[in-house]
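Q: After the C-alpha cells below, expect a handful of questions from me.
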Amino acid sequence: MNDVQNSTTPRAARVGDPIRVPRTAARIGIARRDITPPVGIRAKNWGPADWERSEGAHRPFTLTALAVIASDDRPRMLLAVDGTWWRRVADEQGVRGAILDGLGLDAEQLILSLSHTHAGAVLCAADAHLPGGELIPGYLEALAAAGIEAGREALDAAKPGLIEWTTGRCTLAANRELDLDGRALVGYNPAASADDTVTIGRVSIDGAVTATLVNYACHPTTLAWQSREVSPDYVGAMREIVEQATDAPCLFVQGASGELAPREQYTGDVAVADRHGRSLGHAVMAALDSLPVPGAELTLDSVVESGAPLAIWAAQAAEGGAVASESMTSVELPLRDLPTLDELAEEWRDIDPRSRDERLGRARNLRDGYITGPTVQHPVWAWRLGDAVIVGHPGEAYSRLQTRLRTRFPETPIVVMNLTNGPGFVYLPTREAYQRGAYQAWQTPLAAGALELLEEHVIAVVSELVEQRPL
C-alpha cells in the first residue's frame, strides 16, 4: 500500500500536486479477427425456443487480442471473445490449449474471456448430432485459429505504450432477482439496487488511442428465443459507439454479473439490444472524455490572481506503472448434495419438454470434467499490470465479488471477469440467493458459501500482487 492509501487525514494541496491517473506502462499490441458464426449453426440457448439453427447475424462477432509485455519482458495475452459460454470443460480446454500451443505461452499468460451473449452459437461439440450441431466442431477450430492469428499479430506489433484506467457509471444493469407470489423469478427487481460501475482502460501508443478495454457487469440477455439471428447483444452497439468515437478497437469483458441483467430483456427486437448498447457506449465515452490527454495527468500548476484567486491545473507528463506480475491459483469450493440425472428428470417432468431437455443437457455436461470429486478446485487468474489488477475465473459470480474488491482496494483499478478460462455456467450466488430459492442457487452444483470463499481467496491474491513494489 502507498502512503495515500494508508492516510486517514488528507493533507493540504500544494503546487506540483498531481491528480494521479492509474496506468500500465508496457509494450502493447492489438489485433482483431471476425468470428461471426456461420448461418445455420446451432444457436438454441433458451428452453422455449422452437428452432435450433441460426438464420443470420444481427451484428458481427469479434475476437480481439490485447498483448501486454511489461517490464519483466513476459508476454500476457487477453483475448476478448464474443461468445455464449463453455458447456463442457473439454471444449474450453481444447480451444484454449490450442491457442497456448500456437502462441508458445504458459497457462498463466493467457486469459480468454467470453462476453456471455445468450444469442450466440452453442459452444459444445457434444451437440454435433443435433440440428446445426454439425457446424460446431469446425467453429471451435476456427475460434482457436483466430486466437492464434490475432495473438501472433498483437505480439509482433507490440510497441511501448500505456493503458490508463478510469471508471464510469451506467444504469443498464439491474438486479434480476424478483419474487412474485412466493416464487423466485429471474427478472428485473425494481426494489433492489445494482452495481453500475464501468471499469475502462484507454490504450495508447505515442499519444494516439489504439484500443479501449471495457469491463461491465450485465448479462447479455436482451435477446432471447424469439430472435433467430446470432447477436453480440448490447455489446455490439456499445462497441460501435466507442470505436466510431476513438477510431480504435474496443474490447469488452464481462464482469461479475450473476444477478445483474437489463431491465428490459427476453425479447426478439434487436433495436432494444442496440439501445442498451448505446447507453453503455455513451457512458464509456463520458468517462474517457474526462481523462487528460494520453500520457498526462493534471497537476496543480500555479495560482493566478483574478477577481478570485484561481487554481490552475495543467496537463503534465506522468510516469510509473511499469511493475508486472501474475498468479494462477485455485480455491477449494464445496458442492451441494447433487441429485442424479434421473432425479432431475423426475423433478422437472411437468415443465415443457424443450425446457426440460435444455436443463438436463446442462446438468449432464457440468458433471463431465468440472466435478471430479467431493469438492471443486476452482481456478483463478490474476495479473498485476502497473497500477491495475486483472482477475478472471470461469464461473458466474454475483457482483459482490467485484464490489468487495473495490472496497478493499480503493486506489487500485480492478478488472473482474466472469466466464474466463473455463466452464461458464457455474453460478456463485450469495447465501441469500440460496435462502430464497433463486434459479442460480438451485442450478449451480456449488454449495452456499462458495462465493464467500472465492472472495476471500481473490482478496488474498490481489493483496499479494498490489503489495509488490515497482521494479
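By order of appearance in the C-alpha cells: chains A, B, ..., then residues from 1 within every chain, and ligands from 1 in the order shown.
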Please list as number ranges by chain every residue within 10 Å of Val376 (chain A), counting only C-alpha atoms and excluding residues in the same chain fewer than 3 positions away.
A: A: 330-335, 370-373, 379, 445-446, 450
Q: Among region 3-246 of chain A, which residues carry a DSSP assignment of helix (DSSP H, G or I), reported as a VMD selection string?
A: chain A and resid 3 to 6 89 to 103 107 to 109 125 to 127 133 to 157 234 to 246
Q: I'd like the interatomic distance between CA of Asp206 (chain A) and CA of Ala248 (chain A), to a tenth of an Å.
A: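 According to the coordinates, CA of Asp206 (chain A) and CA of Ala248 (chain A) are separated by 14.1 Å.
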Q: Between A:Gly281, A:Pro22, A:Pro339, A:Gly133, which has the minimum distance to Gln244 (chain A) (counting only C-alpha atoms)?
A: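 When distances to Gln244 (chain A) are compared using only C-alpha atoms, the smallest one comes from A:Gly281.
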Q: Counting only C-alpha atoms, which of A:Val461, A:Val21, A:Ile41, A:Leu185 gets nearest to Gly437 (chain A)?
A: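 Smallest distance to Gly437 (chain A) is found for A:Leu185.
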Q: If you measure from CA of Thr403 (chain A) to CA of Ala363 (chain A), what distance in Å do you get, rounded to one decimal?
A: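 Taking CA of Thr403 (chain A) and CA of Ala363 (chain A), their separation equals 29.6 Å.
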Q: With distances taken over only C-alpha atoms, which residue among A:Leu114, A:Ala119, A:Ala57, A:Ala158 lies nearest Val39 (chain A)?
A: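 Looking only at the distances to Val39 (chain A), the closest residue turns out to be A:Ala57.
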Q: Which residue is closest to Leu338 (chain A)? Choose from A:Glu319, A:Trp442, A:Glu411, A:Thr430 and count only C-alpha atoms.
A: A:Trp442
Q: Would you mind telling me which residue in A:Leu110, A:Val284, A:Val391, A:Ile205 lies nearest to Ile459 (chain A) when using only C-alpha atoms?
A: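 Among the listed residues, the smallest separation from Ile459 (chain A) belongs to A:Val391.
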Q: Just checking: using only C-alpha atoms, which residue out of A:Asp17, A:Glu467, A:Glu396, A:Glu153 ends up closest to Trp86 (chain A)?
A: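 Among A:Asp17, A:Glu467, A:Glu396, A:Glu153, it is A:Glu396 that comes nearest to Trp86 (chain A).
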Q: Give me every strand (DSSP E or B) residue in region 71-256 of chain A, going by DSSP on the backbone, as a PyMOL selection string.
A: chain A and resi 75-81+86+110-114+123+159-169+173-175+177-180+183-186+197-205+208-216+223+230+250-254
Q: What does the distance from CA of Arg336 (chain A) to CA of Leu180 (chain A) come to in Å, to one decimal?
A: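 According to the coordinates, CA of Arg336 (chain A) and CA of Leu180 (chain A) are separated by 25.7 Å.
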Q: Please list as an NGL selection string every residue within 9 Å of Ala150 (chain A), counting only C-alpha atoms and excluding residues in the same chain fewer than 5 positions away.
A: :A and (30-33 or 63-66 or 79 or 145 or 155)
Q: For Gly29 (chain A), please output as a PyMOL selection string all residues within 12 Å (counting only C-alpha atoms; exclusion window: fewer than 5 positions along the same chain).
A: chain A and resi 64-70+75-79+150-163+203-205+209-211+249
Q: Mind writing the picked residues with N, CA and C atoms as a compact mmCIF listing (two decimals), in the first residue's frame?
A:
# COMPACT_ATOMS: atom_id res chain seq x y z
N THR A 64 -10.79 -10.11 -30.12
CA THR A 64 -9.78 -9.06 -30.09
C THR A 64 -8.69 -9.42 -29.10
N ALA A 65 -7.46 -9.36 -29.56
CA ALA A 65 -6.30 -9.72 -28.74
C ALA A 65 -5.62 -8.46 -28.23
N LEU A 66 -5.34 -8.45 -26.93
CA LEU A 66 -4.55 -7.40 -26.30
C LEU A 66 -3.30 -8.04 -25.72
N ALA A 67 -2.16 -7.77 -26.33
CA ALA A 67 -0.88 -8.29 -25.85
C ALA A 67 -0.20 -7.22 -25.01
N VAL A 68 0.24 -7.61 -23.81
CA VAL A 68 0.91 -6.70 -22.89
C VAL A 68 2.24 -7.33 -22.49
N ILE A 69 3.33 -6.64 -22.82
CA ILE A 69 4.67 -7.11 -22.45
C ILE A 69 5.27 -6.03 -21.56
N ALA A 70 5.25 -6.27 -20.26
CA ALA A 70 5.66 -5.26 -19.29
C ALA A 70 7.15 -5.35 -19.00
N PRO A 75 5.30 -11.91 -21.96
CA PRO A 75 4.05 -11.58 -22.64
C PRO A 75 2.83 -12.08 -21.86
N ARG A 76 1.79 -11.26 -21.86
CA ARG A 76 0.49 -11.67 -21.33
C ARG A 76 -0.56 -11.33 -22.36
N MET A 77 -1.46 -12.27 -22.61
CA MET A 77 -2.39 -12.14 -23.71
C MET A 77 -3.83 -12.21 -23.19
N LEU A 78 -4.59 -11.15 -23.44
CA LEU A 78 -6.02 -11.14 -23.14
C LEU A 78 -6.79 -11.25 -24.45
N LEU A 79 -7.64 -12.26 -24.55
CA LEU A 79 -8.50 -12.44 -25.71
C LEU A 79 -9.93 -12.17 -25.29
N ALA A 150 -4.65 -13.73 -34.24
CA ALA A 150 -4.72 -12.41 -33.63
C ALA A 150 -3.65 -12.25 -32.56
N GLY A 151 -3.42 -13.32 -31.79
CA GLY A 151 -2.40 -13.25 -30.75
C GLY A 151 -1.01 -13.01 -31.32
N ARG A 152 -0.67 -13.73 -32.38
CA ARG A 152 0.64 -13.52 -33.01
C ARG A 152 0.78 -12.10 -33.54
N GLU A 153 -0.27 -11.64 -34.21
CA GLU A 153 -0.21 -10.29 -34.77
C GLU A 153 -0.03 -9.25 -33.67
N ALA A 154 -0.77 -9.42 -32.56
CA ALA A 154 -0.67 -8.46 -31.46
C ALA A 154 0.73 -8.49 -30.85
N LEU A 155 1.30 -9.67 -30.67
CA LEU A 155 2.64 -9.77 -30.10
C LEU A 155 3.68 -9.15 -31.04
N ASP A 156 3.55 -9.43 -32.33
CA ASP A 156 4.52 -8.89 -33.29
C ASP A 156 4.43 -7.37 -33.40
N ALA A 157 3.22 -6.84 -33.17
CA ALA A 157 3.01 -5.40 -33.34
C ALA A 157 3.24 -4.60 -32.06
N ALA A 158 3.58 -5.28 -30.96
CA ALA A 158 3.66 -4.60 -29.67
C ALA A 158 4.72 -3.49 -29.67
N LYS A 159 4.31 -2.31 -29.21
CA LYS A 159 5.18 -1.14 -29.11
C LYS A 159 5.00 -0.50 -27.74
N PRO A 160 5.98 0.28 -27.28
CA PRO A 160 5.82 0.96 -25.99
C PRO A 160 4.55 1.82 -25.96
N GLY A 161 3.76 1.62 -24.93
CA GLY A 161 2.51 2.36 -24.83
C GLY A 161 1.98 2.37 -23.41
N LEU A 162 0.74 2.80 -23.28
CA LEU A 162 0.12 2.95 -21.96
C LEU A 162 -1.30 2.39 -21.98
N ILE A 163 -1.72 1.89 -20.83
CA ILE A 163 -3.15 1.71 -20.55
C ILE A 163 -3.46 2.61 -19.36
N VAL A 203 -6.07 2.51 -24.09
CA VAL A 203 -4.77 2.07 -24.60
C VAL A 203 -4.26 3.10 -25.61
N SER A 204 -3.00 3.51 -25.45
CA SER A 204 -2.44 4.48 -26.39
C SER A 204 -0.98 4.16 -26.67
N ILE A 205 -0.54 4.53 -27.86
CA ILE A 205 0.85 4.42 -28.28
C ILE A 205 1.24 5.75 -28.93
N VAL A 209 -4.75 7.00 -29.30
CA VAL A 209 -5.55 5.90 -28.75
C VAL A 209 -5.57 4.75 -29.74
N THR A 210 -5.22 3.56 -29.28
CA THR A 210 -5.19 2.38 -30.15
C THR A 210 -6.22 1.33 -29.75
N ALA A 211 -6.83 1.45 -28.57
CA ALA A 211 -7.87 0.49 -28.15
C ALA A 211 -8.52 1.00 -26.88
N PRO A 249 -10.09 -0.17 -31.91
CA PRO A 249 -10.89 -1.32 -31.45
C PRO A 249 -11.31 -1.16 -29.99
Q: When you look at region 344-359 of chain A with a cut-off of 12 Å (counting only C-alpha atoms), what residues show up, excluding the ones that are within fewer than 4 positions of it in the same chain? I need them as a VMD selection string.
A: chain A and resid 44 to 52 87 122 127 225 338 to 340 363 to 366 425 439 442 to 444
Q: Could you give me, as an NGL selection string, the residues within 10 Å of Ala317 (chain A), counting only C-alpha atoms and dropping anything in the same chain fewer than 4 positions from it?
A: :A and (293-299)
